[in-house]
Amino acid sequence: MIIAIDGPAGSGKSTTAREAARRLGFHHVDSGAFYRALTWAALEAGIAPERFAMLSEAELDDFGVRAEPEGNGFRMFAGGRDVEPHIREAAVTASVSAMARVARVRTWLNRRLRDAASRADVVVDGRDIGTVVFPDADLKIFLVAHPETRARRRLAEWGIIAPSSDAVAAEVERLLERDRADSEREVAPLVRAADAEEIDTSLLDFEEQVERVVSLARARGAVASAGSRGGRVPPRG
Ligand code: CDP
C-alpha cells in the first residue's frame, strides 16, 4: 500500500508522515531528504547551484547518497558520511530548489522511491508524490497551512519558541519563495492531485493531523502491520 503526502514547505508533511507510518506499521520515506542530501553533497563537492543542471547520472551516483534503515524511517548518508545533521541547514535549504528542478535528478531519485515502495508498505512525503511518482497511490493527502503557522512551526523546530514578528516575517518570506520555486518549475511542480484529500492543518494540533491521516488510511484498507508486504526496507541509492 502506498500513501502519498504532498504539500508546501513547512506544512508538517514529514513529521506527520513519520508518525502516521509508525502507527500503521508502514515505512516512512521522506523524498525531500534525498533532494537535500544530493544538494549537500553537490555543495560539499564545490558545485555551485547554477551548475546542478549539468550533473550527469554518473556524478549523481558518485555522491553515494543512500538511506540507512533507522526505526521505521531512515538516516541519510552521502559518501559514507552521516549527513542527517547537515541536510536541514540554511545553505542546503536555500539551494535545494535548484537541485529539485533538474529533470535528470528527479528521474534518478524517483527510481529509488519506486524501488522502496515495491518492497514495503510506505508513507511517502514530498511535492509530486501523488501526481508524478505514484499517480496510483492508494491514498493521497495534500497538507496545507497558513504561511504564518508554517513559519512559526519551522522556527519552533529550530528551538525558537517566542520569535519576534520580524523573525516570523523573514521566515514567511523564505517559505513563500520556496513555494513559488516549487510551484512554478517546469518539471513536476507542486500541485494538488485532483483526487487528493486536502487537510488544512492551521487549526489542528499534531495529534489531530496524524489521526486524520491514519483514519483515512484505515478507511482505504490499511491494517496495522498485517498490511506489510514483507519487511521495512528503505530506498537505497
Ligand atoms: O521539509 P520542507 O518542507 O522544508 O521541505 P522538504 O520536504 O525537505 O523538501 C525540500 C525541497 O526538495 C523542496 O523545497 C523541493 O524543492 C524539493 N522536493 C521536491 O521537489 N519534490 C519532492 N518530492 C520532495 C522535495
# chains A, B, ... in the order shown; residues from 1 in each chain; ligands from 1
>>> closest_atom_pairs(of="chain A", to="ligand 1", cutoff="6 Å", atoms="only C-alpha atoms and all ligand atoms", output="JSON lines")
{"residue": "A:Pro8", "atom": "CA", "partner": "ligand 1", "partner_atom_place_in_ligand_line": "3 (O)", "distance": 5.9}
{"residue": "A:Ala9", "atom": "CA", "partner": "ligand 1", "partner_atom_place_in_ligand_line": "3 (O)", "distance": 3.2}
{"residue": "A:Gly10", "atom": "CA", "partner": "ligand 1", "partner_atom_place_in_ligand_line": "3 (O)", "distance": 4.3}
{"residue": "A:Ser31", "atom": "CA", "partner": "ligand 1", "partner_atom_place_in_ligand_line": "24 (C)", "distance": 4.8}
{"residue": "A:Gly32", "atom": "CA", "partner": "ligand 1", "partner_atom_place_in_ligand_line": "9 (O)", "distance": 3.6}
{"residue": "A:Ala33", "atom": "CA", "partner": "ligand 1", "partner_atom_place_in_ligand_line": "8 (O)", "distance": 5.3}
{"residue": "A:Tyr35", "atom": "CA", "partner": "ligand 1", "partner_atom_place_in_ligand_line": "12 (O)", "distance": 5.1}
{"residue": "A:Val96", "atom": "CA", "partner": "ligand 1", "partner_atom_place_in_ligand_line": "11 (C)", "distance": 5.3}
{"residue": "A:Ser97", "atom": "CA", "partner": "ligand 1", "partner_atom_place_in_ligand_line": "16 (O)", "distance": 3.8}
{"residue": "A:Ala100", "atom": "CA", "partner": "ligand 1", "partner_atom_place_in_ligand_line": "20 (O)", "distance": 4.5}
{"residue": "A:Gly126", "atom": "CA", "partner": "ligand 1", "partner_atom_place_in_ligand_line": "23 (N)", "distance": 3.5}
{"residue": "A:Arg127", "atom": "CA", "partner": "ligand 1", "partner_atom_place_in_ligand_line": "23 (N)", "distance": 4.1}
{"residue": "A:Asp128", "atom": "CA", "partner": "ligand 1", "partner_atom_place_in_ligand_line": "23 (N)", "distance": 4.9}
{"residue": "A:Ile129", "atom": "CA", "partner": "ligand 1", "partner_atom_place_in_ligand_line": "23 (N)", "distance": 5.7}
{"residue": "A:Arg178", "atom": "CA", "partner": "ligand 1", "partner_atom_place_in_ligand_line": "14 (O)", "distance": 5.7}
{"residue": "A:Asp182", "atom": "CA", "partner": "ligand 1", "partner_atom_place_in_ligand_line": "16 (O)", "distance": 5.3}
>>> select_by_dssp(residues="range 11-214 of chain A", states="helix (DSSP H, G or I)", output="MDAnalysis selection string")
chainID A and resid 13:24 31:44 49:54 57:62 90:100 103:119 129:133 147:157 165:184 206:214
>>> write_last_selection(atoms="C-alpha atoms", output="tab-separated table (two decimals), in the first residue's frame")
chain	number	residue	atom	x	y	z
A	13	LYS	CA	4.38	16.59	5.89
A	14	SER	CA	7.45	14.80	7.17
A	15	THR	CA	6.60	14.73	10.88
A	16	THR	CA	3.00	13.71	10.11
A	17	ALA	CA	4.13	11.08	7.60
A	18	ARG	CA	6.62	9.59	10.03
A	19	GLU	CA	4.17	9.27	12.92
A	20	ALA	CA	1.30	8.03	10.71
A	21	ALA	CA	3.67	5.41	9.27
A	22	ARG	CA	4.67	4.32	12.76
A	23	ARG	CA	1.04	3.86	13.83
A	24	LEU	CA	0.18	1.94	10.66
A	31	SER	CA	11.69	12.29	-0.52
A	32	GLY	CA	12.79	15.81	0.46
A	33	ALA	CA	15.63	14.28	2.50
A	34	PHE	CA	17.00	12.78	-0.74
A	35	TYR	CA	16.88	16.14	-2.55
A	36	ARG	CA	18.56	17.69	0.47
A	37	ALA	CA	21.29	15.02	0.68
A	38	LEU	CA	22.07	15.43	-3.04
A	39	THR	CA	22.21	19.21	-2.58
A	40	TRP	CA	24.51	18.90	0.43
A	41	ALA	CA	26.83	16.53	-1.47
A	42	ALA	CA	26.97	18.81	-4.52
A	43	LEU	CA	27.74	21.91	-2.43
A	44	GLU	CA	30.35	19.95	-0.47
A	49	PRO	CA	23.70	25.69	-7.76
A	50	GLU	CA	23.93	27.20	-11.28
A	51	ARG	CA	25.76	24.02	-12.33
A	52	PHE	CA	23.36	21.48	-10.78
A	53	ALA	CA	21.59	21.09	-14.14
A	54	MET	CA	24.83	19.79	-15.69
A	57	GLU	CA	23.82	10.28	-13.85
A	58	ALA	CA	27.31	9.02	-13.05
A	59	GLU	CA	28.07	12.12	-10.97
A	60	LEU	CA	24.78	11.69	-9.10
A	61	ASP	CA	25.74	8.06	-8.39
A	62	ASP	CA	29.20	9.14	-7.26
A	90	ALA	CA	20.10	27.03	5.82
A	91	ALA	CA	22.67	26.72	2.99
A	92	VAL	CA	21.11	23.44	1.82
A	93	THR	CA	17.56	24.78	2.16
A	94	ALA	CA	18.49	27.84	0.10
A	95	SER	CA	19.84	25.71	-2.79
A	96	VAL	CA	17.59	22.64	-2.74
A	97	SER	CA	15.01	24.05	-5.18
A	98	ALA	CA	17.80	24.45	-7.77
A	99	MET	CA	18.51	20.72	-7.46
A	100	ALA	CA	14.82	19.78	-7.48
A	103	ALA	CA	14.68	16.61	-14.65
A	104	ARG	CA	17.61	14.15	-14.60
A	105	VAL	CA	17.84	14.45	-10.81
A	106	ARG	CA	14.12	13.75	-10.43
A	107	THR	CA	14.28	10.67	-12.66
A	108	TRP	CA	17.30	9.36	-10.71
A	109	LEU	CA	15.54	9.88	-7.41
A	110	ASN	CA	12.10	8.61	-8.43
A	111	ARG	CA	13.65	5.24	-9.30
A	112	ARG	CA	14.79	4.93	-5.70
A	113	LEU	CA	11.39	5.94	-4.31
A	114	ARG	CA	9.60	3.37	-6.51
A	115	ASP	CA	12.09	0.71	-5.52
A	116	ALA	CA	11.37	1.40	-1.83
A	117	ALA	CA	7.62	1.18	-2.38
A	118	SER	CA	7.95	-2.14	-4.20
A	119	ARG	CA	9.42	-3.72	-1.08
A	129	ILE	CA	4.38	12.03	-4.88
A	130	GLY	CA	0.65	11.76	-5.67
A	131	THR	CA	0.93	13.44	-9.08
A	132	VAL	CA	4.12	12.06	-10.68
A	133	VAL	CA	5.88	9.43	-8.58
A	147	PRO	CA	2.08	30.72	5.94
A	148	GLU	CA	2.46	32.28	9.38
A	149	THR	CA	1.58	28.97	11.06
A	150	ARG	CA	4.15	27.21	8.89
A	151	ALA	CA	6.81	29.81	9.70
A	152	ARG	CA	6.17	29.54	13.45
A	153	ARG	CA	6.37	25.73	13.28
A	154	ARG	CA	9.65	25.90	11.39
A	155	LEU	CA	11.14	28.33	13.93
A	156	ALA	CA	9.92	26.12	16.79
A	157	GLU	CA	11.74	23.17	15.18
A	165	SER	CA	7.43	39.44	14.48
A	166	ASP	CA	10.42	40.31	12.25
A	167	ALA	CA	11.76	36.76	12.56
A	168	VAL	CA	8.34	35.32	11.66
A	169	ALA	CA	8.03	37.69	8.67
A	170	ALA	CA	11.50	36.73	7.41
A	171	GLU	CA	10.68	33.01	7.65
A	172	VAL	CA	7.33	33.55	5.87
A	173	GLU	CA	9.30	35.19	3.04
A	174	ARG	CA	11.69	32.22	2.77
A	175	LEU	CA	8.84	29.68	2.76
A	176	LEU	CA	6.83	31.59	0.15
A	177	GLU	CA	9.91	31.95	-2.04
A	178	ARG	CA	10.45	28.17	-1.94
A	179	ASP	CA	6.72	27.52	-2.56
A	180	ARG	CA	6.96	29.78	-5.59
A	181	ALA	CA	10.06	28.00	-6.94
A	182	ASP	CA	8.48	24.56	-6.33
A	183	SER	CA	5.11	25.52	-7.86
A	184	GLU	CA	6.39	27.35	-10.92
A	206	PHE	CA	-0.17	17.35	15.71
A	207	GLU	CA	-2.23	14.51	17.19
A	208	GLU	CA	-5.30	15.56	15.20
A	209	GLN	CA	-3.48	15.75	11.88
A	210	VAL	CA	-1.81	12.36	12.36
A	211	GLU	CA	-5.16	10.79	13.31
A	212	ARG	CA	-6.82	12.26	10.18
A	213	VAL	CA	-4.22	10.56	8.01
A	214	VAL	CA	-4.36	7.27	9.92
>>> atom_distance(atom1="CA of Val122 in chain A", atom2="CA of Leu216 in chain A")
14.6 Å
